[in-house]
Every structure is written in C-alpha cells, then in structure tokens.
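These notes concern the structure reproduced below.
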Amino acid sequence: MNDKRGFSFYALAAFFALFLLFLYGPTITIFILSFQGPEGGLTFPMRGVSLHWFSKLMEGVGVVDIGAAFMRSLKLGLLVTALTVLLSVSAALAFRKRMRGANVLFYVAVASLIMPSIIVSLGVGLSFRLLDTALKFLFDWAGWTGMSESFTTTMGLYTSALGAQLTWTLPFGLLVMFAVFNRFNSAYEEAALDLGATPWQSFRHVVLPLIAPSVVGVGMFGFTLSWDEIARSSQAIGDLNTLPLELQGLTTTVTTPVIYALGTLTTAISFLVVGLAIGIMALVRRRARGRKLQAT
Amino acid sequence: MSASLKKLLSRGAPAWLQAGPYALVFVLFFILPLVLIVAVSFWDATEYEMIPAFTPKNYLAIFEGCSNASDLCVTLKTYYSTLKFCFLAWFFTLVIGFTVAYFLAFHVRTTAMQTVLFLLCTIPFWTSNVIRMISWVPLLGRNGLINDFLMHTHLVSQPQDWLLFSSFSVVLAFIHLFTIFMIVPIFNSMMRIDRSLLEAALDAGATPWQTLWNVIVPLSRTGIIIGSIFVITIVMGDFVTIGVMGGQQIASVGKIIQVQTSYLQFPLAAANAVILLLVVLMIIWALTRLVDIRKEL
C-alpha cells in the first residue's frame, strides 16, 4: 500500500465516523432523555434533570412488575450462560476426536442459528402444548384425578423458554470454540499426554488455562444473548414474561420517559456483563503470562 | 492436528458422551419441534383444540384466491412485502458493511487500532434490540429532532409522519441492527487476503477501483455470502422489528405466524411456518452453492 494517506482514506474514515454516529447516536439520545425532568416528555427539550423516571420504574409500569421480570431474566440468563459454556466446550472437545455424525451435528447447529426465530419459537411452543395434552390424557387414563385437576402446563421459564434460548446461544458457543481450536497449538497438550498425564489432567492443567479467555467469551455470548432474547422465547414462555418481552409489550402502551429509563437500565446491565467479561479475560491472560515468566 | 494426537485424545472420555448433551438440546428443542410443525400443518382444528388428521386444508386456506392473477391474495402480498424489506435490508447492510470492513481491513494500519475500531462496531450487538429500536423515537417522531430541524429551516411546513412507524423506519432499523452481521464475516474474509496480491495488482497497473472489484471483492466472497445468509434469514422471519418500528401496522410473514400462534391456531401457523421454511431454504440453497462455511472459521 502507498504510504501517503490519499483522498480515499479520508473519505472512508468520514464514512466510518458517520456509521459510528448512526450506531451510537440514538442510544445516547435515549440515555440522555431517561434523565428527563418529571414534566418532560418523550422528545427534547429536556425539562430539568432528574432520576424521576427511574424511581417511577421501580414502582412498576402499569400492571407490569419490573423488578420480578428483571429477576426472572437474570436467573434465566445465568442458567443459559452456565449451560452454554459447559455444553459448547464439551462438544468442541468431542469435535477434536474422531466422531461419527460430527458433520451432521455441526450443520444442525448452523441450521439452528440461521433458522427464522419465529419457526423455532412456534415449534417449541407447539411441542410443549402437545406434551401437556398427552400428560392430561395420561392422568385421566390412569385415574389420577388429583394430578389431572391441579396440572396446568409444562411450559415455563426453565423448560420451554430455556430450551428455545439454548437453540440460539449454543451455535454461537460452538462457533467461538471452533475458531479457538482452529488456531490452537496442541504441542503442549501432546507433550502433557506423552509424559503420562491423564486426559483430564491435560485438559484441566494445560488446555483449559490456554482457552480460558475464550471460554469467558462464550459465557458473555450466552448471557447477553439470553438477556435480550425475544423472538425465540416469545411463543414458548408460558405465563411469566422475561424483561425484554415485557419491554416489547410496553413499547405500544407507554408514552412516558419511563421506557427510556428501562432502556438505560438494561443497556447498563449488558455493558456491565461485557465489561466484566473483558476484564476477566485480561486478568486470565495476565495470570497466564505471569506463570510463563516464572517458569523461565 | 497430528494423527498421533488424535490417538492420544481418543483415550479420554468418549466423543459421544462429550457431545451428547449438546446434541440432545438440538434434538429436543430444534429437530423434534420442526418435525411436529410439519406434522401439525396437516392437522385439523376447531377454535379451541387441535385434531390429528391428514388434510391439506390449512395450505388451501393460505393460498385461497391466489389463482386470481389480477388481484394478489393476502399471502402473496405479504410475501411480496417481506421480500421487498429483505432486499432493501440486504442491499444496504451489504454496501455499508462492505465499506466499513474494507476501511478496517485495508486502511487502518495498526492491529491495535483495528481491534479498537472493530470492537466499537460490535459493542451495540451486545445490547437490547428493542431498546435500539425505540431509541429512534426521539429522533424521528412528530416532535423529534429531525422534524424540529426540518420545521426550523422551513424545509417543510408540516411535521413529517412517514419518518416513524413506517416502512422507512423499519428498513432503517434493519440496517441499524443487522449491519454487524455483514461486517464481521466480510472483515474476517478480508483479513485472510494475502496483501502481496494487492501489490501485485497495483504493480501490474490496476487502478485502485480495478483492484477492489477484481481482487478484493471475489476474495471476500465467502464473507459476503455468510453475511447475506444471516441478514436474509433474520429479515424473512422477523416480526419484532417490523412490529415495533411499523407501529404494529405492517404485515410480514413472521407476524402472521406470531398472530396465529397467539390465537392458538397452531395447524394454520404451522402450515405458514412450513412455507416460510421452504422459501428460506431455497434462498440459502442458492447462496450456499457458492461456499463451504466450515473452512472459514
């Protein structure tokens, strides 16, 4: 490439700057507007600066209990994160060996990733409804009237919604792990195994420390994707909604900046998790480097 | 990976045990539901229950009146409008995504700067889509910044209503939300291009435009196709963005399925899902004729 920055560089740099403005501008706008004074509305001008709309948010919006939805989303998110990390890392290890059906499993994961979410959501919701019908039939047939009367549905946060979200987070998890193992130098691992380490020892003390930053990354994918997920859980959620589903419902009914306050809050949580993940990754890398220096 | 390592690795836990739980999730929550969708699409239904059967009546209901050439039926109209959104979203995300990736890959010189700018592009991806949609309200609304500006400068005499809750705002939101799905794979492809090829092209007398069109674009093909598959499949099934940004007034295929599901018309919704799936599969099939995803990670 030529050394002098030409016209094309400045044109492209300007384009890039405009793109960043386009990406961040609107979010910054509602961030500012969420601190709108009590008299203020959905648009500028700002009528004072206050935390009024955040305190309104804590009281609940209409019939929606924001605090409860928040906790539900948090718990589901943490569960999705744990499962995404465990299952993806374990599956990625299996892909490094000779495994029958490896290609099929890979393409199923990719298919799940690009499948229109409404189809997955409908399918999961439908499956659980059929399961409900089957169970009711079974209870009646067996004569368990008590069970039959008290039974309502198997659909819920930790059954159908969890499954629906995993079809979205697990493919991301596996793709990240694939990218890691494609660049992975297995010489250390081979040495450990040659020297008589058990497969578990070699994984625990050699492979895991090397891939740890990426494992944290998989966890970050798991949490943030679950935290904001709407499309796949929408038809498979049961009676109690997650925070983003409540939020989606509120967009048509709420006409005060309280919705911006909610936006600022959920965005803050996302940023917190991303920041935390990046921090842990940096820490793990530093520790690994420290060890290497000690060893030499 | 060497053959000897594969042998050493095979002494550990069996592969099927390690991949089993992962595969099980997809069997239970992806494959089984898809099979059930296809089965139920042939079922009969009353207003409050599904009846196992084998009838084409759901499909016939969807395409009722579609043989009339002079006036498009609802289904074809909806597909036409969804495909139009799809094309617009694909076109703009591709042009913008390619330009941004090109700038990052070939005009930013240090790796550190590349990483920082790339991260800046990806960070919004980690935040809520609905929040990013409603964040357009204070800008595009009747009393929003854009209308304020237009009124103050006397460019228009009345606030413009087509800016928000319209096809325009839907496409804008698609571009806003999904350009990232173009940037990441295209940037990834571009970073693999051997820089000496570009020098060779310049040395051989190619203009920068010729280099771009005849060297960089063909070598970024994989990224372009992966990004296109992502954007097209998301937009084809979308109901959240079209719902929120269209003020719940614009029809789409995904929205039809969502509404039918919420009214518990499962067989009809399932038949619509099967048709949508076939359309999406045809588009992907056409695109994947050109690329092997697995080699690109």
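In the structure tokens, each chain is lettered A, B, ... as it comes, each chain's residues begin at 1, and ligands are numbered from 1 in order of appearance.
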Env of region 13-30 of chain B: 6 Å cut, atoms = only C-alpha atoms, seq-sep filter 6 positions within chain, self excluded. Answer as a PDB file with C-alpha atoms, in the first residue's frame.
ATOM      1  CA  LEU A  87     -22.186 -27.893  26.641  1.00  0.00           C
ATOM      2  CA  SER A  90     -17.543 -30.182  25.982  1.00  0.00           C
ATOM      3  CA  ALA A  91     -18.930 -30.570  22.446  1.00  0.00           C
ATOM      4  CA  ALA A  94     -15.574 -34.037  21.110  1.00  0.00           C
ATOM      5  CA  GLY A 163     -34.721 -24.727  25.510  1.00  0.00           C
TER       6      GLY A 163
END
>> At a cut-off of 6 Å, which residues of chain A touch chain B? Count only C-alpha atoms and give the answer as a ChimeraX atom specification.
In response: /A:26-27,30,43,87,90-91,94,97,116,119,123-124,127,163,179,199,224,228,263,267,270
Write the residues of the selection above to a file with C-alpha atoms, as a short mmCIF file (atom, residue, chain, number, x, y, z; two decimals), in the first residue's frame.
data_model
loop_
_atom_site.label_atom_id
_atom_site.label_comp_id
_atom_site.auth_asym_id
_atom_site.auth_seq_id
_atom_site.Cartn_x
_atom_site.Cartn_y
_atom_site.Cartn_z
CA PRO A 26 -29.90 7.05 19.02
CA THR A 27 -28.84 5.09 22.11
CA ILE A 30 -32.42 7.93 24.98
CA THR A 43 -38.67 14.09 23.00
CA LEU A 87 -22.19 -27.89 26.64
CA SER A 90 -17.54 -30.18 25.98
CA ALA A 91 -18.93 -30.57 22.45
CA ALA A 94 -15.57 -34.04 21.11
CA LYS A 97 -11.66 -36.52 18.10
CA PRO A 116 -36.01 -17.86 11.39
CA ILE A 119 -40.34 -21.01 13.42
CA GLY A 123 -42.18 -25.34 17.22
CA VAL A 124 -41.09 -25.32 20.87
CA SER A 127 -44.26 -29.30 21.32
CA GLY A 163 -34.72 -24.73 25.51
CA ALA A 179 -12.45 -20.65 15.93
CA PRO A 199 -6.75 -36.83 29.63
CA THR A 224 -26.07 -11.14 26.66
CA ASP A 228 -32.04 -9.53 25.25
CA GLY A 263 -33.73 1.06 28.30
CA THR A 267 -28.25 -1.45 28.45
CA SER A 270 -25.40 -5.55 29.15
#
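Reported to one decimal place, the separation of CA of Phe44 (chain A) from CA of His152 (chain B) is 14.4 Å.
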DSSP says strand (DSSP E) for which residues of region 12-216 of chain B? Put them as a PDB file with N, CA and C atoms, in the first residue's frame?
ATOM      1  N   ASP B  44     -56.216 -30.934  11.563  1.00  0.00           N
ATOM      2  CA  ASP B  44     -57.437 -30.155  11.538  1.00  0.00           C
ATOM      3  C   ASP B  44     -57.537 -29.420  12.879  1.00  0.00           C
ATOM      4  N   ALA B  45     -58.395 -28.409  12.954  1.00  0.00           N
ATOM      5  CA  ALA B  45     -58.527 -27.700  14.225  1.00  0.00           C
ATOM      6  C   ALA B  45     -59.911 -27.108  14.371  1.00  0.00           C
ATOM      7  N   MET B  50     -56.750 -28.896  18.728  1.00  0.00           N
ATOM      8  CA  MET B  50     -56.196 -29.452  17.503  1.00  0.00           C
ATOM      9  C   MET B  50     -56.698 -30.880  17.346  1.00  0.00           C
ATOM     10  N   ILE B  51     -56.962 -31.276  16.115  1.00  0.00           N
ATOM     11  CA  ILE B  51     -57.436 -32.634  15.868  1.00  0.00           C
ATOM     12  C   ILE B  51     -56.485 -33.321  14.900  1.00  0.00           C
TER      13      ILE B  51
END
> Excluding same-chain residues fewer than 2 positions from Asp239 (chain A), what lies within 12 Å of it counting only C-alpha atoms, as a list in words?
Replying inline: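 My reading of the contact set: Ala69, Thr152, Thr153, Thr154, Met155, Gly156, Leu157, Ser160, Ala161, Ser233, Ser234, Gln235, Ala236, Ile237, Asn241, Thr242, Leu245 and Glu246 of chain A.
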Please, which residues of region 119-230 of chain A, numbered as in this document, come out alpha helix (DSSP H) from DSSP, as an mmCIF file with N, CA and C atoms, in the first residue's frame?
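And here's selection-v3.cif as it stands now:
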data_model
loop_
_atom_site.group_PDB
_atom_site.id
_atom_site.type_symbol
_atom_site.label_atom_id
_atom_site.label_comp_id
_atom_site.auth_asym_id
_atom_site.auth_seq_id
_atom_site.Cartn_x
_atom_site.Cartn_y
_atom_site.Cartn_z
ATOM 1 N N ILE A 119 -40.070 -19.590 13.686
ATOM 2 C CA ILE A 119 -40.344 -21.008 13.423
ATOM 3 C C ILE A 119 -39.915 -21.854 14.627
ATOM 4 N N VAL A 120 -38.713 -21.567 15.165
ATOM 5 C CA VAL A 120 -38.240 -22.294 16.346
ATOM 6 C C VAL A 120 -39.203 -22.079 17.502
ATOM 7 N N SER A 121 -39.595 -20.812 17.687
ATOM 8 C CA SER A 121 -40.465 -20.456 18.802
ATOM 9 C C SER A 121 -41.814 -21.168 18.694
ATOM 10 N N LEU A 122 -42.403 -21.130 17.508
ATOM 11 C CA LEU A 122 -43.665 -21.831 17.277
ATOM 12 C C LEU A 122 -43.492 -23.319 17.556
ATOM 13 N N GLY A 123 -42.406 -23.909 17.057
ATOM 14 C CA GLY A 123 -42.179 -25.343 17.220
ATOM 15 C C GLY A 123 -42.059 -25.749 18.675
ATOM 16 N N VAL A 124 -41.278 -24.979 19.448
ATOM 17 C CA VAL A 124 -41.093 -25.315 20.865
ATOM 18 C C VAL A 124 -42.419 -25.143 21.605
ATOM 19 N N GLY A 125 -43.117 -24.031 21.345
ATOM 20 C CA GLY A 125 -44.409 -23.808 21.988
ATOM 21 C C GLY A 125 -45.387 -24.931 21.676
ATOM 22 N N LEU A 126 -45.428 -25.312 20.406
ATOM 23 C CA LEU A 126 -46.312 -26.382 19.945
ATOM 24 C C LEU A 126 -45.975 -27.708 20.626
ATOM 25 N N SER A 127 -44.682 -28.039 20.707
ATOM 26 C CA SER A 127 -44.256 -29.299 21.323
ATOM 27 C C SER A 127 -44.739 -29.386 22.756
ATOM 28 N N PHE A 128 -44.580 -28.282 23.490
ATOM 29 C CA PHE A 128 -44.972 -28.317 24.901
ATOM 30 C C PHE A 128 -46.492 -28.384 25.057
ATOM 31 N N ARG A 129 -47.223 -27.773 24.136
ATOM 32 C CA ARG A 129 -48.688 -27.883 24.212
ATOM 33 C C ARG A 129 -49.132 -29.321 23.969
ATOM 34 N N LEU A 130 -48.496 -29.974 22.994
ATOM 35 C CA LEU A 130 -48.844 -31.372 22.729
ATOM 36 C C LEU A 130 -48.468 -32.244 23.922
ATOM 37 N N LEU A 131 -47.334 -31.914 24.558
ATOM 38 C CA LEU A 131 -46.916 -32.651 25.750
ATOM 39 C C LEU A 131 -47.945 -32.491 26.862
ATOM 40 N N ASP A 132 -48.446 -31.255 27.023
ATOM 41 C CA ASP A 132 -49.494 -31.002 28.029
ATOM 42 C C ASP A 132 -50.719 -31.874 27.776
ATOM 43 N N THR A 133 -51.156 -31.882 26.505
ATOM 44 C CA THR A 133 -52.333 -32.670 26.151
ATOM 45 C C THR A 133 -52.099 -34.146 26.456
ATOM 46 N N ALA A 134 -50.913 -34.628 26.086
ATOM 47 C CA ALA A 134 -50.587 -36.040 26.309
ATOM 48 C C ALA A 134 -50.590 -36.364 27.801
ATOM 49 N N LEU A 135 -49.993 -35.478 28.607
ATOM 50 C CA LEU A 135 -49.931 -35.719 30.051
ATOM 51 C C LEU A 135 -51.323 -35.739 30.666
ATOM 52 N N LYS A 136 -52.150 -34.777 30.250
ATOM 53 C CA LYS A 136 -53.530 -34.731 30.775
ATOM 54 C C LYS A 136 -54.257 -36.022 30.461
ATOM 55 N N PHE A 137 -54.084 -36.459 29.217
ATOM 56 C CA PHE A 137 -54.719 -37.703 28.776
ATOM 57 C C PHE A 137 -54.240 -38.870 29.644
ATOM 58 N N LEU A 138 -52.935 -38.880 29.899
ATOM 59 C CA LEU A 138 -52.336 -39.949 30.693
ATOM 60 C C LEU A 138 -52.899 -39.967 32.117
ATOM 61 N N PHE A 139 -52.989 -38.763 32.729
ATOM 62 C CA PHE A 139 -53.503 -38.676 34.102
ATOM 63 C C PHE A 139 -54.952 -39.171 34.171
ATOM 64 N N ASP A 140 -55.751 -38.748 33.174
ATOM 65 C CA ASP A 140 -57.148 -39.183 33.154
ATOM 66 C C ASP A 140 -57.236 -40.692 32.981
ATOM 67 N N TRP A 141 -56.409 -41.196 32.088
ATOM 68 C CA TRP A 141 -56.426 -42.630 31.759
ATOM 69 C C TRP A 141 -56.029 -43.458 32.984
ATOM 70 N N ALA A 142 -55.021 -42.944 33.722
ATOM 71 C CA ALA A 142 -54.561 -43.665 34.900
ATOM 72 C C ALA A 142 -55.474 -43.429 36.099
ATOM 73 N N THR A 145 -57.086 -38.318 39.355
ATOM 74 C CA THR A 145 -57.889 -37.107 39.179
ATOM 75 C C THR A 145 -57.244 -35.903 39.853
ATOM 76 N N GLY A 146 -56.601 -36.136 40.997
ATOM 77 C CA GLY A 146 -55.939 -35.031 41.698
ATOM 78 C C GLY A 146 -54.895 -34.385 40.796
ATOM 79 N N MET A 147 -54.027 -35.209 40.203
ATOM 80 C CA MET A 147 -52.990 -34.727 39.291
ATOM 81 C C MET A 147 -53.606 -34.010 38.103
ATOM 82 N N SER A 148 -54.639 -34.635 37.570
ATOM 83 C CA SER A 148 -55.261 -34.099 36.367
ATOM 84 C C SER A 148 -55.851 -32.720 36.619
ATOM 85 N N GLU A 149 -56.425 -32.520 37.818
ATOM 86 C CA GLU A 149 -57.058 -31.228 38.095
ATOM 87 C C GLU A 149 -56.052 -30.133 38.413
ATOM 88 N N SER A 150 -54.974 -30.500 39.122
ATOM 89 C CA SER A 150 -54.018 -29.462 39.524
ATOM 90 C C SER A 150 -53.024 -29.133 38.403
ATOM 91 N N LEU A 162 -36.149 -21.886 28.295
ATOM 92 C CA LEU A 162 -34.728 -22.241 28.391
ATOM 93 C C LEU A 162 -34.279 -22.971 27.127
ATOM 94 N N GLY A 163 -35.064 -23.960 26.707
ATOM 95 C CA GLY A 163 -34.721 -24.727 25.510
ATOM 96 C C GLY A 163 -34.668 -23.844 24.278
ATOM 97 N N ALA A 164 -35.677 -22.976 24.139
ATOM 98 C CA ALA A 164 -35.736 -22.098 22.967
ATOM 99 C C ALA A 164 -34.511 -21.183 22.919
ATOM 100 N N GLN A 165 -34.092 -20.668 24.083
ATOM 101 C CA GLN A 165 -32.928 -19.777 24.092
ATOM 102 C C GLN A 165 -31.636 -20.536 23.807
ATOM 103 N N LEU A 166 -31.554 -21.791 24.269
ATOM 104 C CA LEU A 166 -30.342 -22.573 24.013
ATOM 105 C C LEU A 166 -30.142 -22.831 22.522
ATOM 106 N N THR A 167 -31.253 -22.967 21.749
ATOM 107 C CA THR A 167 -31.081 -23.181 20.306
ATOM 108 C C THR A 167 -30.426 -21.970 19.648
ATOM 109 N N TRP A 168 -30.406 -20.846 20.354
ATOM 110 C CA TRP A 168 -29.835 -19.598 19.833
ATOM 111 C C TRP A 168 -28.420 -19.396 20.355
ATOM 112 N N THR A 169 -28.176 -19.718 21.663
ATOM 113 C CA THR A 169 -26.851 -19.437 22.242
ATOM 114 C C THR A 169 -25.844 -20.549 21.953
ATOM 115 N N LEU A 170 -26.301 -21.823 21.898
ATOM 116 C CA LEU A 170 -25.354 -22.921 21.702
ATOM 117 C C LEU A 170 -24.597 -22.864 20.371
ATOM 118 N N PRO A 171 -25.255 -22.534 19.240
ATOM 119 C CA PRO A 171 -24.481 -22.433 17.999
ATOM 120 C C PRO A 171 -23.381 -21.369 18.089
ATOM 121 N N PHE A 172 -23.677 -20.217 18.696
ATOM 122 C CA PHE A 172 -22.644 -19.193 18.872
ATOM 123 C C PHE A 172 -21.499 -19.763 19.693
ATOM 124 N N GLY A 173 -21.835 -20.484 20.769
ATOM 125 C CA GLY A 173 -20.817 -21.067 21.635
ATOM 126 C C GLY A 173 -19.904 -22.006 20.871
ATOM 127 N N LEU A 174 -20.497 -22.880 20.062
ATOM 128 C CA LEU A 174 -19.684 -23.854 19.326
ATOM 129 C C LEU A 174 -18.812 -23.157 18.279
ATOM 130 N N LEU A 175 -19.368 -22.159 17.577
ATOM 131 C CA LEU A 175 -18.590 -21.455 16.547
ATOM 132 C C LEU A 175 -17.381 -20.765 17.177
ATOM 133 N N VAL A 176 -17.580 -20.132 18.341
ATOM 134 C CA VAL A 176 -16.449 -19.486 19.021
ATOM 135 C C VAL A 176 -15.398 -20.537 19.378
ATOM 136 N N MET A 177 -15.825 -21.686 19.919
ATOM 137 C CA MET A 177 -14.870 -22.720 20.303
ATOM 138 C C MET A 177 -14.154 -23.307 19.086
ATOM 139 N N PHE A 178 -14.871 -23.431 17.965
ATOM 140 C CA PHE A 178 -14.241 -23.896 16.721
ATOM 141 C C PHE A 178 -13.131 -22.947 16.299
ATOM 142 N N ALA A 179 -13.444 -21.653 16.328
ATOM 143 C CA ALA A 179 -12.454 -20.651 15.934
ATOM 144 C C ALA A 179 -11.239 -20.757 16.841
ATOM 145 N N VAL A 180 -11.460 -21.047 18.130
ATOM 146 C CA VAL A 180 -10.348 -21.166 19.081
ATOM 147 C C VAL A 180 -9.497 -22.396 18.748
ATOM 148 N N PHE A 181 -10.138 -23.544 18.586
ATOM 149 C CA PHE A 181 -9.368 -24.774 18.366
ATOM 150 C C PHE A 181 -8.708 -24.818 16.990
ATOM 151 N N ASN A 182 -9.252 -24.070 16.016
ATOM 152 C CA ASN A 182 -8.589 -23.994 14.715
ATOM 153 C C ASN A 182 -7.230 -23.302 14.810
ATOM 154 N N ALA A 187 0.778 -28.552 20.711
ATOM 155 C CA ALA A 187 2.069 -29.147 21.096
ATOM 156 C C ALA A 187 2.158 -29.374 22.606
ATOM 157 N N TYR A 188 1.701 -28.387 23.396
ATOM 158 C CA TYR A 188 1.768 -28.522 24.866
ATOM 159 C C TYR A 188 0.937 -29.702 25.339
ATOM 160 N N GLU A 189 -0.246 -29.796 24.731
ATOM 161 C CA GLU A 189 -1.157 -30.857 25.115
ATOM 162 C C GLU A 189 -0.558 -32.220 24.786
ATOM 163 N N GLU A 190 0.013 -32.296 23.587
ATOM 164 C CA GLU A 190 0.620 -33.552 23.153
ATOM 165 C C GLU A 190 1.749 -33.931 24.111
ATOM 166 N N ALA A 191 2.537 -32.917 24.500
ATOM 167 C CA ALA A 191 3.652 -33.163 25.426
ATOM 168 C C ALA A 191 3.113 -33.698 26.748
ATOM 169 N N ALA A 192 2.057 -33.054 27.258
ATOM 170 C CA ALA A 192 1.487 -33.487 28.541
ATOM 171 C C ALA A 192 1.021 -34.931 28.466
ATOM 172 N N LEU A 193 0.330 -35.255 27.352
ATOM 173 C CA LEU A 193 -0.195 -36.611 27.218
ATOM 174 C C LEU A 193 0.944 -37.619 27.067
ATOM 175 N N ASP A 194 1.964 -37.210 26.320
ATOM 176 C CA ASP A 194 3.140 -38.087 26.134
ATOM 177 C C ASP A 194 3.818 -38.373 27.459
ATOM 178 N N PRO A 199 -6.044 -37.801 30.468
ATOM 179 C CA PRO A 199 -6.752 -36.830 29.628
ATOM 180 C C PRO A 199 -7.358 -35.702 30.463
ATOM 181 N N TRP A 200 -7.885 -36.005 31.635
ATOM 182 C CA TRP A 200 -8.483 -34.974 32.482
ATOM 183 C C TRP A 200 -7.416 -34.000 32.970
ATOM 184 N N GLN A 201 -6.249 -34.533 33.415
ATOM 185 C CA GLN A 201 -5.161 -33.660 33.881
ATOM 186 C C GLN A 201 -4.706 -32.734 32.750
ATOM 187 N N SER A 202 -4.567 -33.301 31.565
ATOM 188 C CA SER A 202 -4.094 -32.484 30.443
ATOM 189 C C SER A 202 -5.119 -31.399 30.105
ATOM 190 N N LEU A 208 -7.300 -26.062 29.365
ATOM 191 C CA LEU A 208 -8.217 -25.076 29.933
ATOM 192 C C LEU A 208 -7.560 -23.714 30.199
ATOM 193 N N PRO A 209 -6.370 -23.687 30.826
ATOM 194 C CA PRO A 209 -5.740 -22.373 31.014
ATOM 195 C C PRO A 209 -5.497 -21.640 29.686
ATOM 196 N N LEU A 210 -5.199 -22.405 28.610
ATOM 197 C CA LEU A 210 -4.930 -21.764 27.323
ATOM 198 C C LEU A 210 -6.204 -21.214 26.681
ATOM 199 N N ILE A 211 -7.308 -21.929 26.846
ATOM 200 C CA ILE A 211 -8.536 -21.470 26.177
ATOM 201 C C ILE A 211 -9.421 -20.642 27.109
ATOM 202 N N ALA A 212 -8.981 -20.436 28.368
ATOM 203 C CA ALA A 212 -9.839 -19.769 29.359
ATOM 204 C C ALA A 212 -10.442 -18.442 28.873
ATOM 205 N N PRO A 213 -9.639 -17.544 28.252
ATOM 206 C CA PRO A 213 -10.237 -16.271 27.830
ATOM 207 C C PRO A 213 -11.417 -16.486 26.876
ATOM 208 N N SER A 214 -11.293 -17.451 25.958
ATOM 209 C CA SER A 214 -12.385 -17.690 25.012
ATOM 210 C C SER A 214 -13.581 -18.304 25.693
ATOM 211 N N VAL A 215 -13.341 -19.120 26.734
ATOM 212 C CA VAL A 215 -14.451 -19.709 27.473
ATOM 213 C C VAL A 215 -15.257 -18.593 28.149
ATOM 214 N N VAL A 216 -14.553 -17.610 28.679
ATOM 215 C CA VAL A 216 -15.242 -16.445 29.249
ATOM 216 C C VAL A 216 -16.061 -15.750 28.156
ATOM 217 N N GLY A 217 -15.473 -15.658 26.957
ATOM 218 C CA GLY A 217 -16.187 -15.051 25.830
ATOM 219 C C GLY A 217 -17.474 -15.801 25.504
ATOM 220 N N VAL A 218 -17.418 -17.130 25.529
ATOM 221 C CA VAL A 218 -18.616 -17.938 25.274
ATOM 222 C C VAL A 218 -19.684 -17.618 26.319
ATOM 223 N N GLY A 219 -19.241 -17.479 27.581
ATOM 224 C CA GLY A 219 -20.173 -17.134 28.650
ATOM 225 C C GLY A 219 -20.824 -15.776 28.404
ATOM 226 N N MET A 220 -20.020 -14.823 27.919
ATOM 227 C CA MET A 220 -20.547 -13.487 27.631
ATOM 228 C C MET A 220 -21.610 -13.560 26.530
ATOM 229 N N PHE A 221 -21.333 -14.331 25.481
ATOM 230 C CA PHE A 221 -22.332 -14.565 24.436
ATOM 231 C C PHE A 221 -23.604 -15.116 25.067
ATOM 232 N N GLY A 222 -23.447 -16.155 25.882
ATOM 233 C CA GLY A 222 -24.597 -16.819 26.492
ATOM 234 C C GLY A 222 -25.460 -15.839 27.260
ATOM 235 N N PHE A 223 -24.839 -15.033 28.121
ATOM 236 C CA PHE A 223 -25.646 -14.145 28.952
ATOM 237 C C PHE A 223 -26.296 -13.022 28.150
ATOM 238 N N THR A 224 -25.499 -12.314 27.347
ATOM 239 C CA THR A 224 -26.069 -11.142 26.665
ATOM 240 C C THR A 224 -27.134 -11.559 25.654
ATOM 241 N N LEU A 225 -26.929 -12.692 24.966
ATOM 242 C CA LEU A 225 -27.944 -13.127 24.001
ATOM 243 C C LEU A 225 -29.234 -13.505 24.715
ATOM 244 N N SER A 226 -29.111 -14.166 25.868
ATOM 245 C CA SER A 226 -30.307 -14.543 26.626
ATOM 246 C C SER A 226 -30.987 -13.315 27.217
ATOM 247 N N TRP A 227 -30.205 -12.404 27.737
ATOM 248 C CA TRP A 227 -30.714 -11.200 28.403
ATOM 249 C C TRP A 227 -31.605 -10.366 27.495
#
> Expressed in Å to a single decimal, how great is the separation between CA of Tyr260 (chain A) and CA of Asn147 (chain B)?
Replying inline: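 Those two atoms sit 20.2 Å apart.
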> Any idea what the distance is between CA of Leu195 (chain A) and CA of Arg100 (chain A)?
Replying inline: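 Taking CA of Leu195 (chain A) as the start and CA of Arg100 (chain A) as the end point, the length is 28.8 Å.
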>> as a VMD selection string, please: the residues near region 58-71 of chain B (cut-off 7 Å, only C-alpha atoms, same-chain neighbours under 6 positions excluded).
In response: chain B and resid 41 to 42 267 to 268 271
Selected residues written out with N, CA and C atoms, as an mmCIF file, in the first residue's frame:
data_model
loop_
_atom_site.group_PDB
_atom_site.id
_atom_site.type_symbol
_atom_site.label_atom_id
_atom_site.label_comp_id
_atom_site.auth_asym_id
_atom_site.auth_seq_id
_atom_site.Cartn_x
_atom_site.Cartn_y
_atom_site.Cartn_z
ATOM 1 N N SER B 41 -49.036 -29.227 10.588
ATOM 2 C CA SER B 41 -49.519 -28.394 9.484
ATOM 3 C C SER B 41 -50.585 -29.139 8.666
ATOM 4 N N PHE B 42 -50.660 -30.473 8.827
ATOM 5 C CA PHE B 42 -51.689 -31.246 8.122
ATOM 6 C C PHE B 42 -52.863 -31.599 9.026
ATOM 7 N N PRO B 267 -52.364 -25.390 13.709
ATOM 8 C CA PRO B 267 -52.194 -26.012 12.390
ATOM 9 C C PRO B 267 -51.958 -24.980 11.275
ATOM 10 N N LEU B 268 -52.700 -23.869 11.326
ATOM 11 C CA LEU B 268 -52.540 -22.835 10.307
ATOM 12 C C LEU B 268 -51.158 -22.175 10.419
ATOM 13 N N ALA B 271 -48.559 -24.521 9.063
ATOM 14 C CA ALA B 271 -48.518 -24.544 7.599
ATOM 15 C C ALA B 271 -47.786 -23.315 7.060
#
>> Using only C-alpha atoms, can you tell me which of B:Thr115, B:Thr78, B:Thr93, B:Thr55 comes closest to Ala173 (chain B)?
In response: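 When distances to Ala173 (chain B) are compared using only C-alpha atoms, the smallest one comes from B:Thr93.
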> Of the residues B:Ile250, B:Gln114, B:Leu155, B:Gly223, which is the one nearest to Ser169 (chain B), using only C-alpha atoms?
Replying inline: B:Ile250
